[in-house]
file work.pdb (PDB, C-alpha atoms)
MODEL        1
ATOM      1  CA  MET S 523      -5.442 -16.017  -9.136
ATOM      2  CA  LYS S 524      -6.306 -12.415  -8.277
ATOM      3  CA  ILE S 525      -3.805  -9.859  -6.980
ATOM      4  CA  VAL S 526      -4.992  -6.488  -5.699
ATOM      5  CA  LEU S 527      -2.630  -3.601  -5.052
ATOM      6  CA  VAL S 528      -4.119  -0.697  -3.094
ATOM      7  CA  GLN S 529      -2.651   2.791  -3.503
ATOM      8  CA  ARG S 530      -3.674   6.111  -2.020
ATOM      9  CA  LEU S 531      -2.830   7.709  -5.363
ATOM     10  CA  VAL S 532      -0.895   6.851  -8.508
ATOM     11  CA  PRO S 533       2.264   8.958  -8.692
ATOM     12  CA  GLY S 534       3.574   9.650 -12.181
ATOM     13  CA  TYR S 535       6.870   7.875 -11.496
ATOM     14  CA  ARG S 536       4.988   4.612 -10.797
ATOM     15  CA  HIS S 537       2.855   4.673 -13.957
ATOM     16  CA  GLU S 538       5.254   2.419 -15.890
ATOM     17  CA  LEU S 539       5.624   0.009 -12.972
ATOM     18  CA  PHE S 540       1.886  -0.519 -12.676
ATOM     19  CA  GLU S 541       1.512  -0.953 -16.432
ATOM     20  CA  ALA S 542       4.339  -3.529 -16.398
ATOM     21  CA  LEU S 543       2.792  -5.404 -13.450
ATOM     22  CA  ARG S 544      -0.511  -5.539 -15.241
ATOM     23  CA  SER S 545       1.128  -6.823 -18.433
ATOM     24  CA  VAL S 546       3.248  -9.498 -16.708
ATOM     25  CA  CYS S 547       0.271 -10.702 -14.691
ATOM     26  CA  ALA S 548      -1.897 -10.916 -17.822
ATOM     27  CA  GLU S 549       0.807 -12.987 -19.557
ATOM     28  CA  GLN S 550       0.782 -15.374 -16.584
ATOM     29  CA  GLY S 551      -3.011 -15.612 -16.485
ATOM     30  CA  VAL S 552      -3.179 -13.642 -13.234
ATOM     31  CA  ASP S 553      -5.866 -11.036 -12.667
ATOM     32  CA  PHE S 554      -4.110  -7.871 -11.427
ATOM     33  CA  GLU S 555      -6.130  -4.948 -10.128
ATOM     34  CA  LEU S 556      -4.868  -1.576  -8.997
ATOM     35  CA  TRP S 557      -7.177   0.300  -6.656
ATOM     36  CA  ALA S 558      -6.408   3.981  -6.085
ATOM     37  CA  SER S 559      -8.037   7.168  -4.899
ATOM     38  CA  LEU S 560      -7.907  10.401  -6.858
ATOM     39  CA  ALA S 561      -4.778  12.432  -6.249
ATOM     40  CA  PRO S 562      -5.087  15.491  -4.010
ATOM     41  CA  ALA S 563      -5.223  18.831  -5.828
ATOM     42  CA  GLU S 564      -1.582  19.689  -5.000
ATOM     43  CA  PHE S 565      -0.369  16.558  -6.842
ATOM     44  CA  VAL S 566      -2.499  17.400  -9.856
ATOM     45  CA  ARG S 567      -1.241  21.020  -9.885
ATOM     46  CA  ARG S 568       2.392  19.868  -9.715
ATOM     47  CA  GLY S 569       1.788  17.366 -12.487
ATOM     48  CA  THR S 570       3.087  14.478 -10.354
ATOM     49  CA  ALA S 571      -0.049  12.352 -10.441
ATOM     50  CA  ALA S 572      -0.655   9.711 -13.095
ATOM     51  CA  ASP S 573      -4.010   8.668 -14.443
ATOM     52  CA  LEU S 574      -4.512   4.984 -15.148
ATOM     53  CA  SER S 575      -7.962   4.607 -16.631
ATOM     54  CA  TRP S 576      -8.015   0.896 -15.767
ATOM     55  CA  ALA S 577      -7.399   1.467 -12.028
ATOM     56  CA  LYS S 578     -10.434   0.975  -9.798
ATOM     57  CA  PRO S 579     -11.264   4.333  -8.158
ATOM     58  CA  LEU S 580     -11.670   4.463  -4.382
ATOM     59  CA  PRO S 581     -13.342   7.345  -2.550
ATOM     60  CA  VAL S 582     -11.273   8.675   0.337
ATOM     61  CA  THR S 583     -12.244  10.551   3.496
ATOM     62  CA  THR S 584      -9.930  12.750   5.548
ATOM     63  CA  ILE S 585     -10.084  11.998   9.265
ATOM     64  CA  LEU S 586     -10.302  14.954  11.661
ATOM     65  CA  GLY S 587      -8.144  17.201   9.463
ATOM     66  CA  LEU S 588      -4.996  15.497  10.792
ATOM     67  CA  GLY S 589      -3.730  14.286   7.424
ATOM     68  CA  LEU S 590      -5.040  10.789   8.140
ATOM     69  CA  GLU S 591      -7.350   9.153   5.645
ATOM     70  CA  TRP S 592      -9.731   6.255   5.135
ATOM     71  CA  GLN S 593     -10.155   4.710   1.701
ATOM     72  CA  HIS S 594     -13.616   3.303   1.057
ATOM     73  CA  LEU S 595     -12.862  -0.170  -0.224
ATOM     74  CA  PRO S 596     -14.933  -2.943  -1.763
ATOM     75  CA  TRP S 597     -14.358  -4.983   1.407
ATOM     76  CA  ARG S 598     -15.620  -8.323   0.128
ATOM     77  CA  GLU S 599     -13.171  -8.209  -2.793
ATOM     78  CA  ALA S 600     -10.380  -6.896  -0.574
ATOM     79  CA  LEU S 601     -10.804  -9.707   1.917
ATOM     80  CA  THR S 602     -11.217 -12.507  -0.629
ATOM     81  CA  SER S 603      -8.560 -11.730  -3.265
ATOM     82  CA  ASP S 604      -5.737 -14.259  -3.384
ATOM     83  CA  LEU S 605      -3.074 -11.672  -2.599
ATOM     84  CA  LEU S 606      -3.459  -8.119  -1.344
ATOM     85  CA  VAL S 607      -0.627  -5.583  -1.326
ATOM     86  CA  VAL S 608      -0.929  -2.315   0.608
ATOM     87  CA  PRO S 609       1.509   0.563   1.090
ATOM     88  CA  ASP S 610       3.317   0.571   4.428
ATOM     89  CA  GLY S 611       2.540   4.240   5.064
ATOM     90  CA  LEU S 612       0.641   5.439   8.093
ATOM     91  CA  ARG S 613      -1.559   7.976   6.323
ATOM     92  CA  CYS S 614      -4.377   5.565   5.296
ATOM     93  CA  PHE S 615      -5.829   3.873   8.351
ATOM     94  CA  SER S 616      -7.836   1.571   6.099
ATOM     95  CA  ASN S 617      -4.542  -0.166   5.193
ATOM     96  CA  PHE S 618      -4.123  -1.305   8.778
ATOM     97  CA  ALA S 619      -7.689  -2.578   8.914
ATOM     98  CA  LEU S 620      -6.953  -4.579   5.746
ATOM     99  CA  ILE S 621      -3.773  -6.038   7.212
ATOM    100  CA  ALA S 622      -5.444  -7.016  10.486
ATOM    101  CA  LEU S 623      -8.583  -8.474   8.909
ATOM    102  CA  ARG S 624      -6.731 -10.464   6.257
ATOM    103  CA  ARG S 625      -4.341 -11.829   8.893
ATOM    104  CA  LEU S 626      -7.319 -12.855  11.014
ATOM    105  CA  LEU S 627      -8.875 -14.593   7.991
ATOM    106  CA  GLY S 628      -5.622 -16.324   7.062
ATOM    107  CA  ARG S 629      -5.468 -14.487   3.707
ATOM    108  CA  THR S 630      -2.076 -13.328   2.420
ATOM    109  CA  VAL S 631      -1.319  -9.622   2.712
ATOM    110  CA  LEU S 632       1.954  -7.893   1.912
ATOM    111  CA  THR S 633       3.103  -4.347   2.509
ATOM    112  CA  TRP S 634       5.389  -2.371   0.257
ATOM    113  CA  GLY S 635       7.307   0.837   0.660
ATOM    114  CA  HIS S 636      10.302   2.277   2.472
ATOM    115  CA  GLY S 637       9.848   0.190   5.599
ATOM    116  CA  ARG S 638       9.664   3.279   7.760
ATOM    117  CA  ASN S 639       7.858   6.559   7.877
ATOM    118  CA  LEU S 640       9.766   9.359   6.159
ATOM    119  CA  GLN S 641       7.210  12.050   7.015
ATOM    120  CA  PRO S 642       8.491  14.801   9.311
ATOM    121  CA  SER S 643       5.217  15.533  11.127
ATOM    122  CA  LEU S 644       4.996  15.095  14.882
ATOM    123  CA  LEU S 645       1.924  12.862  14.521
ATOM    124  CA  SER S 646       3.783  10.572  12.107
ATOM    125  CA  ARG S 647       6.783  10.263  14.408
ATOM    126  CA  THR S 648       4.549   9.685  17.425
ATOM    127  CA  LEU S 649       2.641   6.872  15.770
ATOM    128  CA  ALA S 650       5.747   5.181  14.290
ATOM    129  CA  SER S 651       5.862   2.373  16.882
ATOM    130  CA  LEU S 652       2.147   1.650  16.455
ATOM    131  CA  ARG S 653       2.702   1.546  12.699
ATOM    132  CA  LEU S 654       5.533  -0.973  13.029
ATOM    133  CA  SER S 655       3.448  -3.192  15.320
ATOM    134  CA  LEU S 656       0.621  -3.247  12.793
ATOM    135  CA  LEU S 657       2.983  -3.881   9.868
ATOM    136  CA  ARG S 658       4.317  -6.950  11.646
ATOM    137  CA  LEU S 659       0.864  -8.515  11.172
ATOM    138  CA  ALA S 660       1.463  -8.650   7.390
ATOM    139  CA  HIS S 661       2.742 -11.918   5.945
ATOM    140  CA  GLY S 662       5.644 -10.171   4.217
ATOM    141  CA  HIS S 663       7.075  -6.894   3.056
ATOM    142  CA  LEU S 664       8.241  -5.604  -0.299
ATOM    143  CA  VAL S 665      10.777  -2.795   0.136
ATOM    144  CA  TYR S 666      12.122  -0.464  -2.526
ATOM    145  CA  THR S 667      15.905  -0.758  -1.982
ATOM    146  CA  THR S 668      18.634  -2.445   0.060
ATOM    147  CA  GLN S 669      18.687   0.656   2.283
ATOM    148  CA  CYS S 670      15.034  -0.011   3.077
ATOM    149  CA  LEU S 671      15.957  -3.602   3.933
ATOM    150  CA  GLY S 672      18.329  -2.355   6.618
ATOM    151  CA  THR S 673      15.581  -0.247   8.153
ATOM    152  CA  MET S 674      13.219  -3.221   8.384
ATOM    153  CA  LEU S 675      15.903  -5.514   9.811
ATOM    154  CA  ALA S 676      16.823  -2.884  12.429
ATOM    155  CA  ALA S 677      13.148  -2.782  13.419
ATOM    156  CA  GLY S 678      13.238  -6.535  14.098
ATOM    157  CA  VAL S 679      11.437  -7.822  11.002
ATOM    158  CA  PRO S 680      12.827 -11.273  10.058
ATOM    159  CA  ARG S 681      14.849 -11.266   6.802
ATOM    160  CA  GLN S 682      12.812 -14.124   5.346
ATOM    161  CA  HIS S 683       9.704 -11.875   5.443
ATOM    162  CA  ILE S 684      11.300  -9.123   3.314
ATOM    163  CA  ALA S 685      11.876  -8.920  -0.456
ATOM    164  CA  ILE S 686      13.640  -6.095  -2.282
ATOM    165  CA  THR S 687      11.838  -4.840  -5.391
ATOM    166  CA  GLU S 688      14.643  -2.735  -6.971
TER
ENDMDL
END
call {"tool": "encode", "arguments": {"input": "work.pdb", "output": "structure tokens"}}
result
Amino acid sequence: MKIVLVQRLVPGYRHELFEALRSVCAEQGVDFELWASLAPAEFVRRGTAADLSWAKPLPVTTILGLGLEWQHLPWREALTSDLLVVPDGLRCFSNFALIALRRLLGRTVLTWGHGRNLQPSLLSRTLASLRLSLLRLAHGHLVYTTQCLGTMLAAGVPRQHIAITE
């Protein structure tokens, strides 16, 4: 079995989580891969980005200077892995392409995150309903806390499609 988790970047506070996931998967005979793009310069300057040498690097392109991005993925691997997990954030449009294509192919895809957009920008708030519609195409959702669960339930996501990862 192969599990792929796609990240825009690896924040320092998630370093231990990803190492633990990798270790647990290895113990179970599961191939776990973390794919992530390099952190933007401001993360590196603040010291909030982690570096996991075993993570597969993904080039990223900014779209129209609007803060939206596209990660250049190894599409064949992304579409054929046994399980794919993508963040539920709106910033990377490639995540939504992954969700839609895997759903179309009948391949399991999960999202994980807060369950809603916490970004204050006007563009983020404007696209929130589109984001929720696309997230509903995923087979399930991993949310950080019970507060996140409430957000997803309020948005109409069935409880049986949500797991809390606390």
call {"tool": "resolve_selection", "arguments": {"input": "work.pdb", "expression": "the PyMOL selection byres ((chain S and resi 531-540) around 6)", "output": "count of residues only"}}
result
12
call {"tool": "atom_distance", "arguments": {"input": "work.pdb", "atom1": "atom CA of Val631 of chain S", "atom2": "atom CA of Phe565 of chain S"}}
result
27.9 Å
call {"tool": "closest_residue", "arguments": {"input": "work.pdb", "among": "S:Thr687, S:Ser545, S:Gln682, S:Ser616", "to": "Val665 of chain S", "atoms": "all atoms listed in the file"}}
result
S:Thr687
call {"tool": "closest_residue", "arguments": {"input": "work.pdb", "among": "S:Gln550, S:Thr583, S:Thr633, S:Thr602", "to": "His663 of chain S", "atoms": "all atoms listed in the file"}}
result
S:Thr633
call {"tool": "closest_residue", "arguments": {"input": "work.pdb", "among": "S:Leu620, S:Leu601, S:Ala676, S:Leu626", "to": "Lys524 of chain S", "atoms": "all atoms listed in the file"}}
result
S:Leu601
call {"tool": "axis_aligned_box", "arguments": {"input": "work.pdb", "around": "segment 547-555 of chain S", "padding_each_side": "3 Å", "output": "AutoDock Vina command-line options"}}
result
--center_x -2.7 --center_y -10.3 --center_z -14.8 --size_x 12.9 --size_y 16.7 --size_z 15.4
call {"tool": "closest_residue", "arguments": {"input": "work.pdb", "among": "S:Pro562, S:Ala577, S:Pro680, S:Asp610", "to": "Arg544 of chain S", "atoms": "only C-alpha atoms"}}
result
S:Ala577
call {"tool": "atom_distance", "arguments": {"input": "work.pdb", "atom1": "atom CA of Val566 of chain S", "atom2": "atom CA of Cys670 of chain S"}}
result
27.9 Å
call {"tool": "resolve_selection", "arguments": {"input": "work.pdb", "expression": "the PyMOL selection byres ((chain S and resi 685) around 6)", "output": "NGL selection string"}}
result
:S and (664 or 684 or 686)
call {"tool": "closest_residue", "arguments": {"input": "work.pdb", "among": "S:Gln669, S:Glu688, S:Gly678, S:Leu590", "to": "Leu654 of chain S", "atoms": "all atoms listed in the file"}}
result
S:Gly678
call {"tool": "closest_residue", "arguments": {"input": "work.pdb", "among": "S:Leu656, S:Arg681, S:Phe618, S:Pro609", "to": "Thr668 of chain S", "atoms": "only C-alpha atoms"}}
result
S:Arg681
call {"tool": "resolve_selection", "arguments": {"input": "work.pdb", "expression": "the PyMOL selection byres ((chain S and resi 552) around 12)", "output": "JSON, numbers by chain"}}
result
{"S": [523, 524, 525, 526, 543, 544, 545, 546, 547, 548, 549, 550, 551, 553, 554, 555, 603, 604, 605]}
call {"tool": "residues_around", "arguments": {"input": "work.pdb", "residues": "Asn617 of chain S", "least_positions_apart": "2", "cutoff": "12 Å", "atoms": "all atoms listed in the file", "output": "ChimeraX atom specification"}}
result
/S:527-530,590-595,597,600-601,606-615,619-624,631-634,653,656-657,659-660
call {"tool": "write_last_selection", "arguments": {"input": "work.pdb", "atoms": "C-alpha atoms", "output": "mmCIF file, keeping the file's coordinate frame"}}
result
data_model
loop_
_atom_site.group_PDB
_atom_site.id
_atom_site.type_symbol
_atom_site.label_atom_id
_atom_site.label_comp_id
_atom_site.auth_asym_id
_atom_site.auth_seq_id
_atom_site.Cartn_x
_atom_site.Cartn_y
_atom_site.Cartn_z
ATOM 1 C CA LEU S 527 -2.630 -3.601 -5.052
ATOM 2 C CA VAL S 528 -4.119 -0.697 -3.094
ATOM 3 C CA GLN S 529 -2.651 2.791 -3.503
ATOM 4 C CA ARG S 530 -3.674 6.111 -2.020
ATOM 5 C CA LEU S 590 -5.040 10.789 8.140
ATOM 6 C CA GLU S 591 -7.350 9.153 5.645
ATOM 7 C CA TRP S 592 -9.731 6.255 5.135
ATOM 8 C CA GLN S 593 -10.155 4.710 1.701
ATOM 9 C CA HIS S 594 -13.616 3.303 1.057
ATOM 10 C CA LEU S 595 -12.862 -0.170 -0.224
ATOM 11 C CA TRP S 597 -14.358 -4.983 1.407
ATOM 12 C CA ALA S 600 -10.380 -6.896 -0.574
ATOM 13 C CA LEU S 601 -10.804 -9.707 1.917
ATOM 14 C CA LEU S 606 -3.459 -8.119 -1.344
ATOM 15 C CA VAL S 607 -0.627 -5.583 -1.326
ATOM 16 C CA VAL S 608 -0.929 -2.315 0.608
ATOM 17 C CA PRO S 609 1.509 0.563 1.090
ATOM 18 C CA ASP S 610 3.317 0.571 4.428
ATOM 19 C CA GLY S 611 2.540 4.240 5.064
ATOM 20 C CA LEU S 612 0.641 5.439 8.093
ATOM 21 C CA ARG S 613 -1.559 7.976 6.323
ATOM 22 C CA CYS S 614 -4.377 5.565 5.296
ATOM 23 C CA PHE S 615 -5.829 3.873 8.351
ATOM 24 C CA ALA S 619 -7.689 -2.578 8.914
ATOM 25 C CA LEU S 620 -6.953 -4.579 5.746
ATOM 26 C CA ILE S 621 -3.773 -6.038 7.212
ATOM 27 C CA ALA S 622 -5.444 -7.016 10.486
ATOM 28 C CA LEU S 623 -8.583 -8.474 8.909
ATOM 29 C CA ARG S 624 -6.731 -10.464 6.257
ATOM 30 C CA VAL S 631 -1.319 -9.622 2.712
ATOM 31 C CA LEU S 632 1.954 -7.893 1.912
ATOM 32 C CA THR S 633 3.103 -4.347 2.509
ATOM 33 C CA TRP S 634 5.389 -2.371 0.257
ATOM 34 C CA ARG S 653 2.702 1.546 12.699
ATOM 35 C CA LEU S 656 0.621 -3.247 12.793
ATOM 36 C CA LEU S 657 2.983 -3.881 9.868
ATOM 37 C CA LEU S 659 0.864 -8.515 11.172
ATOM 38 C CA ALA S 660 1.463 -8.650 7.390
#
call {"tool": "atom_distance", "arguments": {"input": "work.pdb", "atom1": "atom CA of Tyr666 of chain S", "atom2": "atom CA of His636 of chain S"}}
result
6.0 Å
